[in-house]
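Here's upload.cif, which has mmCIF, C-alpha atoms, pLDDT in the B column; chains and numbers go by the auth columns:
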```cif
data_protein
loop_
_atom_site.group_PDB
_atom_site.id
_atom_site.type_symbol
_atom_site.label_atom_id
_atom_site.label_comp_id
_atom_site.label_asym_id
_atom_site.label_seq_id
_atom_site.Cartn_x
_atom_site.Cartn_y
_atom_site.Cartn_z
_atom_site.B_iso_or_equiv
_atom_site.auth_seq_id
_atom_site.auth_asym_id
ATOM 1 C CA VAL A 1 -32.296 78.342 13.156 54.00 1 A
ATOM 2 C CA THR A 2 -30.030 79.794 15.849 54.00 2 A
ATOM 3 C CA LEU A 3 -28.030 77.374 17.948 55.00 3 A
ATOM 4 C CA ALA A 4 -26.583 78.392 21.305 54.00 4 A
ATOM 5 C CA PHE A 5 -23.225 76.959 22.251 47.00 5 A
ATOM 6 C CA THR A 6 -20.333 77.693 24.567 45.00 6 A
ATOM 7 C CA VAL A 7 -16.643 77.650 23.648 45.00 7 A
ATOM 8 C CA THR A 8 -14.146 77.287 26.494 48.00 8 A
ATOM 9 C CA THR A 9 -10.609 78.440 25.732 50.00 9 A
ATOM 10 C CA ARG A 10 -7.466 78.127 27.814 52.00 10 A
ATOM 11 C CA ASN A 11 -6.319 81.505 29.116 60.00 11 A
ATOM 12 C CA SER A 12 -2.749 82.772 29.206 83.00 12 A
ATOM 13 C CA GLU A 13 -0.238 81.356 31.642 95.00 13 A
ATOM 14 C CA GLU A 14 -0.765 81.817 35.369 97.00 14 A
ATOM 15 C CA PRO A 15 2.567 82.248 37.220 97.00 15 A
ATOM 16 C CA VAL A 16 3.034 80.486 40.564 97.00 16 A
ATOM 17 C CA ALA A 17 5.849 82.159 42.491 95.00 17 A
ATOM 18 C CA GLY A 18 6.463 79.261 44.865 93.00 18 A
ATOM 19 C CA GLY A 19 6.090 79.163 48.641 97.00 19 A
ATOM 20 C CA THR A 20 3.442 77.613 50.848 98.00 20 A
ATOM 21 C CA ILE A 21 -0.232 77.327 49.954 98.00 21 A
ATOM 22 C CA ALA A 22 -1.842 78.185 53.290 98.00 22 A
ATOM 23 C CA ALA A 23 -5.533 78.168 52.336 98.00 23 A
ATOM 24 C CA ASP A 24 -7.676 75.775 50.300 98.00 24 A
ATOM 25 C CA THR A 25 -6.924 76.444 46.624 98.00 25 A
ATOM 26 C CA VAL A 26 -8.247 75.278 43.259 98.00 26 A
ATOM 27 C CA TRP A 27 -6.133 75.242 40.095 98.00 27 A
ATOM 28 C CA THR A 28 -8.572 75.406 37.197 98.00 28 A
ATOM 29 C CA SER A 29 -8.345 73.836 33.773 97.00 29 A
ATOM 30 C CA ASP A 30 -8.745 77.131 31.916 97.00 30 A
ATOM 31 C CA LYS A 31 -5.210 78.155 32.900 97.00 31 A
ATOM 32 C CA ILE A 32 -1.677 76.832 32.397 98.00 32 A
ATOM 33 C CA TYR A 33 0.127 77.110 35.727 98.00 33 A
ATOM 34 C CA VAL A 34 3.844 77.989 35.480 98.00 34 A
ATOM 35 C CA VAL A 35 5.671 77.102 38.700 98.00 35 A
ATOM 36 C CA ASN A 36 8.678 79.350 39.367 98.00 36 A
ATOM 37 C CA GLY A 37 9.711 77.973 42.763 98.00 37 A
ATOM 38 C CA ASN A 38 9.123 75.085 45.160 98.00 38 A
ATOM 39 C CA VAL A 39 5.443 74.864 46.116 98.00 39 A
ATOM 40 C CA GLY A 40 4.227 73.391 49.407 98.00 40 A
ATOM 41 C CA VAL A 41 0.716 72.525 50.532 98.00 41 A
ATOM 42 C CA ALA A 42 0.455 73.216 54.271 98.00 42 A
ATOM 43 C CA PRO A 43 -0.952 70.622 56.701 98.00 43 A
ATOM 44 C CA GLY A 44 -4.728 70.860 56.881 98.00 44 A
ATOM 45 C CA VAL A 45 -4.924 72.622 53.503 98.00 45 A
ATOM 46 C CA THR A 46 -6.284 71.136 50.251 98.00 46 A
ATOM 47 C CA LEU A 47 -4.967 71.861 46.765 98.00 47 A
ATOM 48 C CA THR A 48 -7.503 70.705 44.178 98.00 48 A
ATOM 49 C CA ILE A 49 -6.349 70.447 40.571 98.00 49 A
ATOM 50 C CA GLN A 50 -9.206 70.227 38.111 98.00 50 A
ATOM 51 C CA ARG A 51 -9.262 67.582 35.410 98.00 51 A
ATOM 52 C CA GLY A 52 -7.552 68.733 32.218 98.00 52 A
ATOM 53 C CA THR A 53 -5.239 71.186 34.013 98.00 53 A
ATOM 54 C CA VAL A 54 -1.621 71.606 32.848 98.00 54 A
ATOM 55 C CA ILE A 55 1.141 72.509 35.328 98.00 55 A
ATOM 56 C CA LYS A 56 4.568 73.479 33.992 98.00 56 A
ATOM 57 C CA PHE A 57 7.676 73.696 36.196 98.00 57 A
ATOM 58 C CA ASN A 58 10.103 76.413 35.145 98.00 58 A
ATOM 59 C CA GLY A 59 13.200 74.897 36.795 97.00 59 A
ATOM 60 C CA ASP A 60 14.265 72.206 39.262 98.00 60 A
ATOM 61 C CA TYR A 61 11.243 72.717 41.508 98.00 61 A
ATOM 62 C CA ALA A 62 8.990 70.360 43.429 98.00 62 A
ATOM 63 C CA LEU A 63 5.387 70.127 44.551 98.00 63 A
ATOM 64 C CA ASN A 64 5.568 69.166 48.240 98.00 64 A
ATOM 65 C CA VAL A 65 2.305 68.053 49.845 98.00 65 A
ATOM 66 C CA GLY A 66 1.888 68.335 53.604 98.00 66 A
ATOM 67 C CA GLY A 67 -1.896 68.635 53.438 98.00 67 A
ATOM 68 C CA THR A 68 -4.180 67.115 50.803 98.00 68 A
ATOM 69 C CA LEU A 69 -3.697 66.960 47.033 98.00 69 A
ATOM 70 C CA ILE A 70 -6.789 66.187 44.970 98.00 70 A
ATOM 71 C CA ALA A 71 -5.555 65.692 41.391 98.00 71 A
ATOM 72 C CA ASP A 72 -8.346 63.599 39.878 98.00 72 A
ATOM 73 C CA GLY A 73 -8.546 63.684 36.097 98.00 73 A
ATOM 74 C CA THR A 74 -10.390 61.530 33.596 98.00 74 A
ATOM 75 C CA SER A 75 -9.270 59.428 30.650 98.00 75 A
ATOM 76 C CA ALA A 76 -10.348 62.249 28.327 98.00 76 A
ATOM 77 C CA GLN A 77 -9.037 65.105 30.501 98.00 77 A
ATOM 78 C CA LEU A 78 -5.702 64.163 32.010 98.00 78 A
ATOM 79 C CA ILE A 79 -3.882 66.338 34.520 98.00 79 A
ATOM 80 C CA VAL A 80 -0.369 66.962 33.204 98.00 80 A
ATOM 81 C CA PHE A 81 2.740 67.906 35.202 98.00 81 A
ATOM 82 C CA MET A 82 5.623 68.789 32.875 98.00 82 A
ATOM 83 C CA PRO A 83 8.695 71.005 32.326 98.00 83 A
ATOM 84 C CA TYR A 84 8.028 74.542 31.149 97.00 84 A
ATOM 85 C CA SER A 85 10.226 74.394 28.058 91.00 85 A
ATOM 86 C CA GLY A 86 12.177 71.182 27.687 87.00 86 A
ATOM 87 C CA GLY A 87 14.622 70.177 30.405 92.00 87 A
ATOM 88 C CA THR A 88 13.469 68.656 33.681 98.00 88 A
ATOM 89 C CA TRP A 89 11.958 69.526 37.038 98.00 89 A
ATOM 90 C CA ASN A 90 12.152 67.861 40.446 98.00 90 A
ATOM 91 C CA ARG A 91 9.247 65.744 41.753 98.00 91 A
ATOM 92 C CA ILE A 92 5.864 65.415 43.460 98.00 92 A
ATOM 93 C CA TRP A 93 6.475 64.620 47.116 98.00 93 A
ATOM 94 C CA PHE A 94 4.037 63.694 49.898 98.00 94 A
ATOM 95 C CA ASP A 95 5.247 64.494 53.426 98.00 95 A
ATOM 96 C CA ASP A 96 4.285 62.799 56.696 97.00 96 A
ATOM 97 C CA PRO A 97 1.472 65.235 57.655 96.00 97 A
ATOM 98 C CA SER A 98 -0.363 64.734 54.331 98.00 98 A
ATOM 99 C CA SER A 99 -3.686 62.894 54.344 98.00 99 A
ATOM 100 C CA ASP A 100 -3.176 59.241 53.434 98.00 100 A
ATOM 101 C CA GLY A 101 -5.084 57.915 50.442 98.00 101 A
ATOM 102 C CA VAL A 102 -7.496 55.119 51.309 97.00 102 A
ATOM 103 C CA MET A 103 -9.085 52.483 49.078 97.00 103 A
ATOM 104 C CA ASP A 104 -11.594 49.701 49.693 97.00 104 A
ATOM 105 C CA GLU A 105 -10.984 45.989 49.094 95.00 105 A
ATOM 106 C CA GLU A 106 -11.782 46.391 45.391 96.00 106 A
ATOM 107 C CA GLY A 107 -9.359 49.275 44.948 97.00 107 A
ATOM 108 C CA ASN A 108 -11.941 52.054 44.846 98.00 108 A
ATOM 109 C CA TYR A 109 -10.808 55.447 46.129 98.00 109 A
ATOM 110 C CA GLN A 110 -12.290 56.396 49.490 98.00 110 A
ATOM 111 C CA GLY A 111 -10.463 59.582 50.471 98.00 111 A
ATOM 112 C CA GLY A 112 -7.143 61.361 51.082 98.00 112 A
ATOM 113 C CA CYS A 113 -4.456 62.400 48.611 98.00 113 A
ATOM 114 C CA ILE A 114 -5.047 61.218 45.056 98.00 114 A
ATOM 115 C CA LEU A 115 -3.215 61.244 41.730 98.00 115 A
ATOM 116 C CA ARG A 116 -5.558 59.654 39.189 98.00 116 A
ATOM 117 C CA TYR A 117 -5.565 60.044 35.424 98.00 117 A
ATOM 118 C CA ALA A 118 -2.432 62.167 35.617 98.00 118 A
ATOM 119 C CA GLN A 119 0.814 62.338 33.651 98.00 119 A
ATOM 120 C CA VAL A 120 4.152 63.225 35.230 98.00 120 A
ATOM 121 C CA GLN A 121 6.646 64.181 32.527 98.00 121 A
ATOM 122 C CA GLY A 122 10.308 65.125 32.922 98.00 122 A
ATOM 123 C CA ALA A 123 10.466 64.863 36.732 98.00 123 A
ATOM 124 C CA THR A 124 13.878 63.524 37.750 98.00 124 A
ATOM 125 C CA GLY A 125 12.511 62.402 41.138 98.00 125 A
ATOM 126 C CA GLY A 126 9.178 61.128 39.846 98.00 126 A
ATOM 127 C CA VAL A 127 6.696 60.641 42.690 98.00 127 A
ATOM 128 C CA GLY A 128 7.655 59.913 46.280 98.00 128 A
ATOM 129 C CA SER A 129 6.564 60.013 49.897 98.00 129 A
ATOM 130 C CA ASP A 130 7.868 59.986 53.475 98.00 130 A
ATOM 131 C CA SER A 131 5.452 58.218 55.830 98.00 131 A
ATOM 132 C CA ALA A 132 2.594 59.135 53.509 98.00 132 A
ATOM 133 C CA THR A 133 0.349 57.210 51.113 98.00 133 A
ATOM 134 C CA PRO A 134 -1.102 58.866 48.025 98.00 134 A
ATOM 135 C CA TYR A 135 -3.729 56.919 46.085 98.00 135 A
ATOM 136 C CA LEU A 136 -2.125 56.350 42.659 98.00 136 A
ATOM 137 C CA ALA A 137 -4.272 55.135 39.762 98.00 137 A
ATOM 138 C CA TYR A 138 -4.207 55.543 35.989 98.00 138 A
ATOM 139 C CA LEU A 139 -0.943 57.391 36.550 98.00 139 A
ATOM 140 C CA THR A 140 1.817 57.767 33.969 98.00 140 A
ATOM 141 C CA VAL A 141 5.294 58.635 35.241 98.00 141 A
ATOM 142 C CA GLU A 142 7.642 59.056 32.294 97.00 142 A
ATOM 143 C CA ASP A 143 10.819 59.646 34.321 90.00 143 A
ATOM 144 C CA GLY A 144 12.075 59.172 37.853 97.00 144 A
ATOM 145 C CA GLY A 145 9.972 56.218 38.968 98.00 145 A
ATOM 146 C CA ILE A 146 8.331 56.021 42.395 98.00 146 A
ATOM 147 C CA ASN A 147 10.040 55.972 45.802 98.00 147 A
ATOM 148 C CA CYS A 148 7.636 55.727 48.735 98.00 148 A
ATOM 149 C CA THR A 149 7.540 55.028 52.424 98.00 149 A
ATOM 150 C CA PRO A 150 3.813 54.564 53.103 98.00 150 A
ATOM 151 C CA GLY A 151 1.905 56.131 55.959 98.00 151 A
ATOM 152 C CA SER A 152 -0.974 54.542 57.876 96.00 152 A
ATOM 153 C CA SER A 153 -2.421 52.839 54.787 97.00 153 A
ATOM 154 C CA PRO A 154 -0.591 50.500 52.381 98.00 154 A
ATOM 155 C CA PHE A 155 0.974 51.744 49.156 98.00 155 A
ATOM 156 C CA CYS A 156 -1.278 51.368 46.122 98.00 156 A
ATOM 157 C CA LEU A 157 -0.515 51.592 42.407 98.00 157 A
ATOM 158 C CA LEU A 158 -3.386 50.695 40.099 98.00 158 A
ATOM 159 C CA ASP A 159 -3.703 50.632 36.304 98.00 159 A
ATOM 160 C CA SER A 160 -0.557 52.731 35.871 98.00 160 A
ATOM 161 C CA ALA A 161 2.505 52.969 33.635 98.00 161 A
ATOM 162 C CA ILE A 162 5.778 53.878 35.336 98.00 162 A
ATOM 163 C CA THR A 163 9.232 54.383 33.827 98.00 163 A
ATOM 164 C CA GLY A 164 12.005 53.741 36.350 98.00 164 A
ATOM 165 C CA ASN A 165 12.228 51.796 39.586 98.00 165 A
ATOM 166 C CA VAL A 166 9.267 51.479 41.939 98.00 166 A
ATOM 167 C CA SER A 167 10.682 51.173 45.453 98.00 167 A
ATOM 168 C CA VAL A 168 8.402 50.942 48.488 98.00 168 A
ATOM 169 C CA ASN A 169 9.601 50.705 52.075 98.00 169 A
ATOM 170 C CA GLY A 170 6.525 48.911 53.344 98.00 170 A
ATOM 171 C CA ALA A 171 3.480 46.918 52.295 98.00 171 A
ATOM 172 C CA GLY A 172 1.268 47.568 49.317 98.00 172 A
ATOM 173 C CA TYR A 173 -0.666 46.666 46.203 98.00 173 A
ATOM 174 C CA VAL A 174 0.392 46.821 42.556 98.00 174 A
ATOM 175 C CA TRP A 175 -2.470 45.872 40.272 98.00 175 A
ATOM 176 C CA ARG A 176 -2.670 45.917 36.469 98.00 176 A
ATOM 177 C CA SER A 177 0.376 48.135 36.069 98.00 177 A
ATOM 178 C CA THR A 178 3.465 48.314 33.870 98.00 178 A
ATOM 179 C CA ILE A 179 6.920 49.226 35.154 98.00 179 A
ATOM 180 C CA ALA A 180 9.366 49.879 32.309 98.00 180 A
ATOM 181 C CA ASN A 181 13.149 50.163 32.592 96.00 181 A
ATOM 182 C CA GLY A 182 13.073 49.396 36.277 97.00 182 A
ATOM 183 C CA ALA A 183 12.499 46.934 39.089 98.00 183 A
ATOM 184 C CA LEU A 184 9.708 46.568 41.640 98.00 184 A
ATOM 185 C CA SER A 185 10.554 46.357 45.319 98.00 185 A
ATOM 186 C CA LEU A 186 8.241 46.298 48.347 98.00 186 A
ATOM 187 C CA SER A 187 9.850 45.449 51.678 98.00 187 A
ATOM 188 C CA GLY A 188 6.570 44.426 53.295 98.00 188 A
ATOM 189 C CA GLN A 189 3.688 42.134 52.400 98.00 189 A
ATOM 190 C CA ALA A 190 2.571 42.861 48.847 98.00 190 A
ATOM 191 C CA GLU A 191 0.038 41.806 46.261 98.00 191 A
ATOM 192 C CA VAL A 192 1.216 42.103 42.652 98.00 192 A
ATOM 193 C CA LEU A 193 -1.495 41.191 40.151 98.00 193 A
ATOM 194 C CA THR A 194 -1.668 41.196 36.358 98.00 194 A
ATOM 195 C CA SER A 195 1.354 43.447 35.944 98.00 195 A
ATOM 196 C CA THR A 196 4.485 43.672 33.812 98.00 196 A
ATOM 197 C CA VAL A 197 7.863 44.613 35.274 98.00 197 A
ATOM 198 C CA GLY A 198 10.908 45.231 33.100 98.00 198 A
ATOM 199 C CA GLY A 199 13.360 44.261 35.846 98.00 199 A
ATOM 200 C CA GLY A 200 13.133 41.979 38.846 98.00 200 A
ATOM 201 C CA ILE A 201 10.558 41.803 41.622 98.00 201 A
ATOM 202 C CA GLY A 202 11.518 41.682 45.311 98.00 202 A
ATOM 203 C CA LEU A 203 8.834 41.434 47.996 98.00 203 A
ATOM 204 C CA GLY A 204 8.430 40.868 51.716 98.00 204 A
ATOM 205 C CA SER A 205 7.090 37.819 53.504 98.00 205 A
ATOM 206 C CA GLY A 206 3.451 36.875 52.915 98.00 206 A
ATOM 207 C CA SER A 207 3.382 38.361 49.421 98.00 207 A
ATOM 208 C CA ILE A 208 1.620 37.006 46.364 98.00 208 A
ATOM 209 C CA VAL A 209 2.454 37.467 42.684 98.00 209 A
ATOM 210 C CA ARG A 210 -0.194 36.398 40.204 98.00 210 A
ATOM 211 C CA ALA A 211 -0.504 36.643 36.399 98.00 211 A
ATOM 212 C CA THR A 212 2.591 38.851 36.238 98.00 212 A
ATOM 213 C CA THR A 213 5.642 38.962 33.983 98.00 213 A
ATOM 214 C CA ALA A 214 9.082 40.082 35.176 98.00 214 A
ATOM 215 C CA GLY A 215 12.176 40.669 33.068 98.00 215 A
ATOM 216 C CA GLY A 216 14.355 39.619 36.020 98.00 216 A
ATOM 217 C CA GLY A 217 13.847 37.233 38.896 98.00 217 A
ATOM 218 C CA ILE A 218 10.971 37.128 41.368 98.00 218 A
ATOM 219 C CA THR A 219 12.011 36.890 45.017 98.00 219 A
ATOM 220 C CA ILE A 220 9.802 36.738 48.114 98.00 220 A
ATOM 221 C CA ASN A 221 11.763 37.153 51.340 97.00 221 A
ATOM 222 C CA GLY A 222 9.922 34.525 53.366 96.00 222 A
ATOM 223 C CA SER A 223 6.644 32.729 52.787 96.00 223 A
ATOM 224 C CA GLY A 224 4.523 33.651 49.807 98.00 224 A
ATOM 225 C CA ALA A 225 3.219 32.479 46.462 98.00 225 A
ATOM 226 C CA VAL A 226 3.968 33.026 42.784 98.00 226 A
ATOM 227 C CA GLU A 227 1.107 31.892 40.546 98.00 227 A
ATOM 228 C CA ASN A 228 0.705 31.886 36.769 98.00 228 A
ATOM 229 C CA SER A 229 3.664 34.219 36.366 98.00 229 A
ATOM 230 C CA ALA A 230 6.821 34.293 34.236 97.00 230 A
ATOM 231 C CA ALA A 231 10.281 35.590 35.049 98.00 231 A
ATOM 232 C CA GLY A 232 13.501 36.184 33.166 97.00 232 A
ATOM 233 C CA GLY A 233 15.433 34.971 36.211 97.00 233 A
ATOM 234 C CA ASN A 234 14.963 32.688 39.197 97.00 234 A
ATOM 235 C CA ILE A 235 11.719 32.477 41.154 97.00 235 A
ATOM 236 C CA SER A 236 12.344 32.003 44.853 95.00 236 A
#
```
As structure tokens:
Amino acid sequence: VTLAFTVTTRNSEEPVAGGTIAADTVWTSDKIYVVNGNVGVAPGVTLTIQRGTVIKFNGDYALNVGGTLIADGTSAQLIVFMPYSGGTWNRIWFDDPSSDGVMDEEGNYQGGCILRYAQVQGATGGVGSDSATPYLAYLTVEDGGINCTPGSSPFCLLDSAITGNVSVNGAGYVWRSTIANGALSLSGQAEVLTSTVGGGIGLGSGSIVRATTAGGGITINGSGAVENSAAGGNIS
């Protein structure tokens, strides 16, 4: 009996010199991409990173998104951003012109920039944005935390594990996530559900915290509610 089968192997490294990606581009999972300079995605341009792809940064370089980043992995095929050989790299950054991630009322992705089922390792600046909102779900950030100013849609962090502070200058949602070795801060109205925060939680008026544990205090600056939650400090 002869059985037909296909074996897919990962090819040798694919160098990325840095500079601006000016046309729609796909990074495929059969290559390891080695980034040797800052990479930008131009406004109106889409960089798609296939599930299972590995990107290694060979120095203190960043991925700066001014267009659209589609990095949508799976639980079995994560997308990994990491240093090339030990050390650290810079960050993933979403600029104002980038397409804002949008979700429905149940948290389902609807469009725009997305980082889902991805790991960010060794990035000193973690993930951040300036007047931009990536959709973040099933995301692991091992260093650097998250520092975001949202765009036209609220910040969202779903089913994720973050090491470092999560600081948001605006409104947003944090659902079913863990923040280790850091605090959670959203200056606007927020909804924090079924999450664990190593430090304190500080939120804007109208916020709700439910079924959440904080290592520090929980503070809502104005009206709001804290329900079925525990804190290592004051709740106010």
Answer key for the PyMOL selection byres ((chain A and resi 65-76) around 7), residues as a ChimeraX atom specification: /A:40-52,63-64,77-79,93-99,112-118
Gap from CA of Asp159 in chain A to CA of Glu106 in chain A - Å, one decimal: 12.9 Å
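Using all atoms listed in the file, the smallest distance between any of A:Pro154, A:Gly182, A:Gly164, A:Gly19 and Thr140 in chain A comes from A:Gly164.
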Length of the CA of Ala132 in chain A to CA of Leu158 in chain A vector [Å]: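 Separating CA of Ala132 in chain A from CA of Leu158 in chain A is a distance of 16.9 Å.
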Computed interatomic separation between CA of Ser185 in chain A and CA of Tyr138 in chain A (Å): 19.7 Å
The PyMOL selection byres ((chain A and resi 193) around 10) resolved against shown file, as a ChimeraX atom specification: /A:158,173-177,190-192,194-196,208-213,227,229
Resulting file, chosen residues, C-alpha atoms, as a PDB file, keeping the file's coordinate frame:
```pdb
ATOM      1  CA  LEU A 158      -3.386  50.695  40.099  1.00 98.00           C
ATOM      2  CA  TYR A 173      -0.666  46.666  46.203  1.00 98.00           C
ATOM      3  CA  VAL A 174       0.392  46.821  42.556  1.00 98.00           C
ATOM      4  CA  TRP A 175      -2.470  45.872  40.272  1.00 98.00           C
ATOM      5  CA  ARG A 176      -2.670  45.917  36.469  1.00 98.00           C
ATOM      6  CA  SER A 177       0.376  48.135  36.069  1.00 98.00           C
ATOM      7  CA  ALA A 190       2.571  42.861  48.847  1.00 98.00           C
ATOM      8  CA  GLU A 191       0.038  41.806  46.261  1.00 98.00           C
ATOM      9  CA  VAL A 192       1.216  42.103  42.652  1.00 98.00           C
ATOM     10  CA  THR A 194      -1.668  41.196  36.358  1.00 98.00           C
ATOM     11  CA  SER A 195       1.354  43.447  35.944  1.00 98.00           C
ATOM     12  CA  THR A 196       4.485  43.672  33.812  1.00 98.00           C
ATOM     13  CA  ILE A 208       1.620  37.006  46.364  1.00 98.00           C
ATOM     14  CA  VAL A 209       2.454  37.467  42.684  1.00 98.00           C
ATOM     15  CA  ARG A 210      -0.194  36.398  40.204  1.00 98.00           C
ATOM     16  CA  ALA A 211      -0.504  36.643  36.399  1.00 98.00           C
ATOM     17  CA  THR A 212       2.591  38.851  36.238  1.00 98.00           C
ATOM     18  CA  THR A 213       5.642  38.962  33.983  1.00 98.00           C
ATOM     19  CA  GLU A 227       1.107  31.892  40.546  1.00 98.00           C
ATOM     20  CA  SER A 229       3.664  34.219  36.366  1.00 98.00           C
TER      21      SER A 229
END
```
Selection under test: the PyMOL selection byres ((chain A and resi 37) around 9); residues as a PyMOL selection string: chain A and resi 16-19+35-36+38-39+57-62
